[in-house]
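Novice: The structure file target_6.csv (CSV, C-alpha atoms) is provided below.
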chain,number,residue,atom,x,y,z
A,1,MET,CA,105.2,106.0,76.7
A,2,SER,CA,106.9,106.2,80.1
A,3,LYS,CA,108.5,102.9,80.9
A,4,ILE,CA,108.6,101.0,84.2
A,5,ASN,CA,112.3,100.7,85.1
A,6,VAL,CA,113.0,97.3,86.7
A,7,LEU,CA,116.1,96.0,88.5
A,8,ILE,CA,116.5,92.2,88.7
A,9,ALA,CA,118.3,90.8,91.8
A,10,ASP,CA,119.0,87.1,91.6
A,11,ASP,CA,122.2,85.1,92.1
A,12,HIS,CA,121.6,82.9,89.0
A,13,SER,CA,122.6,84.5,85.8
A,14,MET,CA,120.3,82.3,83.7
A,15,VAL,CA,117.4,83.4,85.8
A,16,ARG,CA,118.2,87.1,85.4
A,17,GLN,CA,118.7,86.8,81.6
A,18,GLY,CA,115.4,84.8,81.2
A,19,LEU,CA,113.5,87.4,83.2
A,20,LYS,CA,115.0,90.2,81.2
A,21,GLN,CA,114.0,88.6,77.9
A,22,ILE,CA,110.4,88.0,79.2
A,23,LEU,CA,110.0,91.5,80.6
A,24,GLU,CA,111.4,93.4,77.7
A,25,LEU,CA,108.8,91.9,75.4
A,26,GLU,CA,106.4,94.3,77.1
A,27,GLU,CA,106.4,97.9,75.6
A,28,ASP,CA,106.0,99.5,79.0
A,29,ILE,CA,108.8,97.7,80.9
A,30,GLN,CA,112.6,97.9,80.7
A,31,VAL,CA,115.3,96.3,82.7
A,32,ILE,CA,117.9,98.9,83.7
A,33,GLY,CA,120.1,96.7,85.9
A,34,GLN,CA,120.9,93.3,87.3
A,35,ALA,CA,122.4,92.3,90.7
A,36,SER,CA,123.7,88.9,91.8
A,37,ASP,CA,123.8,89.5,95.5
A,38,GLY,CA,122.3,91.6,98.2
A,39,GLU,CA,125.1,94.1,98.5
A,40,GLU,CA,125.2,94.8,94.8
A,41,THR,CA,121.4,95.2,94.9
A,42,LEU,CA,121.7,98.0,97.4
A,43,LYS,CA,124.4,99.8,95.4
A,44,LEU,CA,122.4,99.6,92.1
A,45,VAL,CA,119.1,100.6,93.7
A,46,MET,CA,120.7,103.7,95.2
A,47,ARG,CA,122.5,104.5,91.9
A,48,LEU,CA,119.9,103.7,89.3
A,49,ASN,CA,116.8,104.5,91.3
A,50,PRO,CA,114.5,101.8,89.7
A,51,ASP,CA,110.8,101.9,89.9
A,52,VAL,CA,110.5,98.2,90.7
A,53,VAL,CA,113.0,95.7,92.1
A,54,LEU,CA,112.5,91.9,91.6
A,55,LEU,CA,114.2,90.5,94.7
A,56,ASP,CA,115.2,86.9,95.3
A,57,ILE,CA,115.5,85.8,98.9
A,58,ASN,CA,118.4,83.4,98.6
A,59,MET,CA,121.4,85.4,97.6
A,60,PRO,CA,125.0,85.5,98.8
A,61,ARG,CA,126.8,88.2,100.9
A,62,MET,CA,123.4,89.7,101.9
A,63,ASN,CA,120.2,87.8,101.4
A,64,GLY,CA,117.0,89.3,100.1
A,65,ILE,CA,115.3,89.9,103.5
A,66,GLN,CA,118.4,91.7,104.7
A,67,ALA,CA,118.5,93.8,101.6
A,68,LEU,CA,114.8,94.6,101.9
A,69,ALA,CA,115.3,95.7,105.5
A,70,GLU,CA,118.2,97.9,104.5
A,71,LEU,CA,116.2,99.5,101.6
A,72,LYS,CA,113.5,100.3,104.1
A,73,GLN,CA,116.1,101.8,106.4
A,74,ARG,CA,117.4,104.0,103.6
A,75,GLN,CA,113.9,105.0,102.7
A,76,SER,CA,114.3,103.9,99.1
A,77,SER,CA,111.4,104.8,96.8
A,78,ALA,CA,111.8,101.6,94.8
A,79,LYS,CA,108.9,99.2,95.1
A,80,VAL,CA,110.0,95.6,95.8
A,81,ILE,CA,108.5,92.5,94.6
A,82,VAL,CA,109.9,89.4,96.3
A,83,LEU,CA,110.3,86.7,93.6
A,84,THR,CA,111.1,83.4,95.3
A,85,ILE,CA,110.7,79.7,95.6
A,86,HIS,CA,109.6,80.0,99.2
A,87,THR,CA,106.0,79.2,99.9
A,88,GLU,CA,106.4,79.2,103.7
A,89,ARG,CA,104.2,81.7,105.5
A,90,GLU,CA,107.0,83.2,107.6
A,91,TYR,CA,108.9,84.5,104.5
A,92,LEU,CA,105.7,86.1,103.1
A,93,VAL,CA,104.8,87.8,106.4
A,94,LYS,CA,108.3,88.9,107.1
A,95,THR,CA,108.8,90.5,103.7
A,96,VAL,CA,105.4,92.2,103.8
A,97,GLN,CA,106.3,93.6,107.3
A,98,LEU,CA,109.5,95.0,105.8
A,99,GLY,CA,107.7,96.9,103.1
A,100,ALA,CA,107.6,94.6,100.1
A,101,TYR,CA,104.8,95.6,97.7
A,102,GLY,CA,104.6,92.2,96.1
A,103,TYR,CA,105.2,88.5,96.6
A,104,VAL,CA,105.4,86.2,93.6
A,105,LEU,CA,106.6,82.6,93.3
A,106,LYS,CA,109.1,81.7,90.7
A,107,ASP,CA,107.0,79.0,89.2
A,108,ALA,CA,104.2,81.5,88.4
A,109,ASP,CA,103.2,82.3,84.9
A,110,SER,CA,104.9,85.3,83.3
A,111,VAL,CA,101.6,87.0,83.0
A,112,VAL,CA,101.3,87.0,86.9
A,113,LEU,CA,104.8,88.6,87.2
A,114,ILE,CA,104.1,91.3,84.6
A,115,ARG,CA,100.8,92.1,86.3
A,116,ALA,CA,102.5,92.3,89.7
A,117,ILE,CA,105.1,94.8,88.3
A,118,ARG,CA,102.4,97.0,86.8
A,119,SER,CA,100.3,96.8,90.0
A,120,VAL,CA,103.1,97.8,92.4
A,121,HIS,CA,104.3,100.5,90.1
A,122,SER,CA,100.8,102.1,90.4
A,123,GLY,CA,101.1,101.9,94.2
A,124,GLU,CA,99.0,98.8,94.8
A,125,THR,CA,100.0,95.7,96.7
A,126,TYR,CA,100.2,92.4,94.8
A,127,ILE,CA,100.3,89.1,96.6
A,128,GLN,CA,100.0,86.0,94.4
A,129,HIS,CA,96.5,84.8,94.9
A,130,ASN,CA,97.4,81.3,96.3
A,131,MET,CA,99.7,83.0,98.9
A,132,THR,CA,96.9,85.3,100.2
A,133,THR,CA,95.6,82.3,102.2
A,134,GLU,CA,98.9,82.2,104.1
A,135,LEU,CA,98.5,85.8,105.1
A,136,ILE,CA,95.0,85.0,106.4
A,137,HIS,CA,96.3,82.0,108.4
A,138,GLU,CA,99.0,84.2,110.0
A,139,PHE,CA,96.4,87.0,110.7
A,140,ASN,CA,94.3,84.5,112.5
A,141,ARG,CA,97.3,83.1,114.5
A,142,ILE,CA,98.5,86.5,115.8
A,143,THR,CA,95.0,87.8,116.6
A,144,ILE,CA,94.4,87.3,120.3
A,145,GLU,CA,91.2,89.3,120.6
A,146,GLU,CA,89.1,91.2,118.2
A,147,GLU,CA,86.0,93.3,118.7
A,148,LYS,CA,82.9,91.4,117.8
A,149,THR,CA,81.5,94.1,115.6
A,150,GLU,CA,79.7,93.5,112.3
A,151,GLU,CA,81.5,96.1,110.2
A,152,LYS,CA,80.7,94.3,107.0
A,153,LYS,CA,77.0,95.4,107.5
A,154,ILE,CA,78.1,99.1,107.2
A,155,LEU,CA,79.3,98.4,103.6
A,156,THR,CA,76.8,99.3,100.9
A,157,LYS,CA,75.9,96.7,98.3
A,158,ARG,CA,78.2,98.4,95.8
A,159,GLU,CA,81.1,98.6,98.2
A,160,THR,CA,80.6,94.9,99.0
A,161,GLU,CA,80.8,94.1,95.2
A,162,VAL,CA,84.0,96.2,94.9
A,163,LEU,CA,85.5,94.4,98.0
A,164,GLU,CA,84.8,91.0,96.4
A,165,LEU,CA,86.6,92.1,93.3
A,166,ILE,CA,89.5,93.4,95.3
A,167,ALA,CA,89.8,90.0,97.0
A,168,GLU,CA,90.0,88.5,93.5
A,169,GLY,CA,93.1,90.6,92.8
A,170,LYS,CA,91.3,92.9,90.4
A,171,LEU,CA,92.8,96.3,89.7
A,172,ASN,CA,90.6,99.5,89.7
A,173,LYS,CA,90.4,99.6,86.0
A,174,GLU,CA,89.2,96.0,85.9
A,175,ILE,CA,86.7,96.6,88.7
A,176,ALA,CA,85.3,99.5,86.8
A,177,ALA,CA,84.8,97.4,83.7
A,178,SER,CA,83.2,94.6,85.6
A,179,LEU,CA,80.7,96.9,87.4
A,180,TYR,CA,80.2,99.3,84.5
A,181,ILE,CA,81.2,102.3,86.5
A,182,SER,CA,84.0,104.8,86.2
A,183,GLU,CA,87.5,104.2,87.5
A,184,LYS,CA,87.1,107.4,89.6
A,185,THR,CA,84.0,106.0,91.2
A,186,VAL,CA,85.9,102.8,92.0
A,187,LYS,CA,88.6,104.8,93.7
A,188,ASN,CA,86.0,106.5,95.8
A,189,HIS,CA,84.5,103.2,96.8
A,190,VAL,CA,87.9,101.7,97.6
A,191,SER,CA,88.7,104.7,99.8
A,192,ASN,CA,85.4,104.4,101.7
A,193,ILE,CA,86.0,100.6,102.1
A,194,PHE,CA,89.4,101.2,103.7
A,195,LYS,CA,88.0,103.8,106.1
A,196,LYS,CA,85.0,101.7,107.1
A,197,LEU,CA,87.1,98.5,107.6
A,198,ASN,CA,90.0,100.4,109.2
A,199,VAL,CA,92.5,98.9,106.7
A,200,SER,CA,95.3,100.6,104.9
A,201,ASP,CA,95.7,98.6,101.7
A,202,ARG,CA,94.1,96.1,99.3
A,203,THR,CA,95.8,93.1,100.9
A,204,GLN,CA,94.3,93.9,104.3
A,205,ALA,CA,90.9,94.5,102.6
A,206,ALA,CA,91.2,91.1,100.9
A,207,ILE,CA,92.0,89.4,104.2
A,208,TYR,CA,89.0,91.0,105.7
A,209,ALA,CA,86.8,89.7,102.9
A,210,PHE,CA,88.0,86.2,103.2
A,211,LYS,CA,88.0,86.1,107.0
A,212,ASN,CA,84.4,87.4,107.1
A,213,ASN,CA,83.1,85.2,104.3
A,214,ILE,CA,82.4,88.1,102.1
A,215,LYS,CA,84.6,86.3,99.6
A,216,LYS,CA,85.1,82.5,99.6
A,217,ILE,CA,88.7,81.2,99.3
Would you kindly transcribe this structure into structure tokens?

Specialist:
Amino acid sequence: MSKINVLIADDHSMVRQGLKQILELEEDIQVIGQASDGEETLKLVMRLNPDVVLLDINMPRMNGIQALAELKQRQSSAKVIVLTIHTEREYLVKTVQLGAYGYVLKDADSVVLIRAIRSVHSGETYIQHNMTTELIHEFNRITIEEEKTEEKKILTKRETEVLELIAEGKLNKEIAASLYISEKTVKNHVSNIFKKLNVSDRTQAAIYAFKNNIKKI
């Protein structure tokens, strides 16, 4: 089995060791490095080329946001999950804008973090469910005008069902099981939904679903 290589970046040694112990209980995850500040994070990412980086925001020498911006500048292939105590909207929005694939709070259950790692490794975006609301609020704040179209009506019944499950944070495999269809069919539906709604990822699709009352918060 091919393992997901993870780098942990946090300035607290006990946090890093605790995360390492939790993650390595999973057969498909291994921790290949640990960093205690932003500068060390950059060096290890470029040297070890991890699949996923768990990145704290509050770190010395270079904070997590600065490190994330630098990784984007260097076009690193590592997928970053911001693991933080910050529930403020501005941190979430900023890190997503800088290319973070995930955003998880430190008080989340370990199951949430493990799911986030697997999701971003497969190329999907994972925002902890209760933080999705913050993205919606920000989306509403920065939207000055929007066309008064009724795009949701162009979705088929099945596409609407798939969109509702996307908004719940379900992965393609889980959607397939819920709707008793193949994962390939789900992928086709997801692709069609993105095109019809003019969105580029699952987070944007979820925001659309909540904003248009397709899925209730």

Novice: Once you count all atoms listed in the file, which residues end up no further than 10 Å from (101.5, 83.8, 94.6) in the file's frame, shown as a list in words?

Specialist: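 Here the neighbourhood of the point contains Leu83, Thr84, Thr87, Leu92, Gly102, Tyr103, Val104, Leu105, Lys106, Asp107, Ala108, Asp109, Val112, Leu113, Ala116, Tyr126, Ile127, Gln128, His129, Asn130, Met131, Thr132, Thr133 and Glu134 of chain A.
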
Novice: Closest to Asp28 (chain A) among A:Lys3, A:Lys184, A:Lys170, A:Arg202, using all atoms listed in the file?

Specialist: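 Of A:Lys3, A:Lys184, A:Lys170, A:Arg202, the one nearest Asp28 (chain A), counting all atoms listed in the file, is A:Lys3.
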
Novice: Region 50-55 of chain A: which residues within 8 Å, counting all atoms listed in the file, same-chain residues fewer than 4 positions away excluded, as a list in words?

Specialist: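 Contacts, in chain order: Ile4, Asn5, Val6, Leu7, Ile8, Ala9, Asp10, Ile32, Val45, Gly64, Ser77, Ala78, Lys79, Val80, Ile81, Val82, Leu83, Thr84, Ile117, Val120 and His121 of chain A.
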
Novice: Select, from A:Ser76, A:Asn198, A:Thr203, A:Asn58, the residue with the minimum atom-to-atom distance to Leu165 (chain A), counting only C-alpha atoms.

Specialist: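 Ranking A:Ser76, A:Asn198, A:Thr203, A:Asn58 by distance to Leu165 (chain A), first place goes to A:Thr203.
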
Novice: Go ahead and compute the interatomic distance for CA of Leu71 (chain A) and CA of Asn172 (chain A), in Å to one decimal.

Specialist: 28.2 Å

Novice: Provide the CA of Met62 (chain A) to CA of Glu90 (chain A) distance in Å, to one decimal place.

Specialist: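 That distance, rounded to one decimal, is 18.5 Å.
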
Novice: Please identify all polymer residues within 12 Å of Thr156 (chain A), counting all atoms listed in the file, omitting same-chain residues fewer than 5 positions from it, and present them as JSON, numbers by chain.

Specialist: {"A": [151, 161, 162, 163, 189, 190, 192, 193, 196]}

Novice: Please save C-alpha atoms of the selected residues as a PDB file, in the frame of the given file.

Specialist:
ATOM      1  CA  GLU A 151      81.500  96.100 110.200  1.00  0.00           C
ATOM      2  CA  GLU A 161      80.800  94.100  95.200  1.00  0.00           C
ATOM      3  CA  VAL A 162      84.000  96.200  94.900  1.00  0.00           C
ATOM      4  CA  LEU A 163      85.500  94.400  98.000  1.00  0.00           C
ATOM      5  CA  HIS A 189      84.500 103.200  96.800  1.00  0.00           C
ATOM      6  CA  VAL A 190      87.900 101.700  97.600  1.00  0.00           C
ATOM      7  CA  ASN A 192      85.400 104.400 101.700  1.00  0.00           C
ATOM      8  CA  ILE A 193      86.000 100.600 102.100  1.00  0.00           C
ATOM      9  CA  LYS A 196      85.000 101.700 107.100  1.00  0.00           C
TER      10      LYS A 196
END

Novice: So what do you get for CA of Ile22 (chain A) versus CA of Leu68 (chain A), distance-wise?

Specialist: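 About the pair CA of Ile22 (chain A) and CA of Leu68 (chain A): they are 24.0 Å apart.
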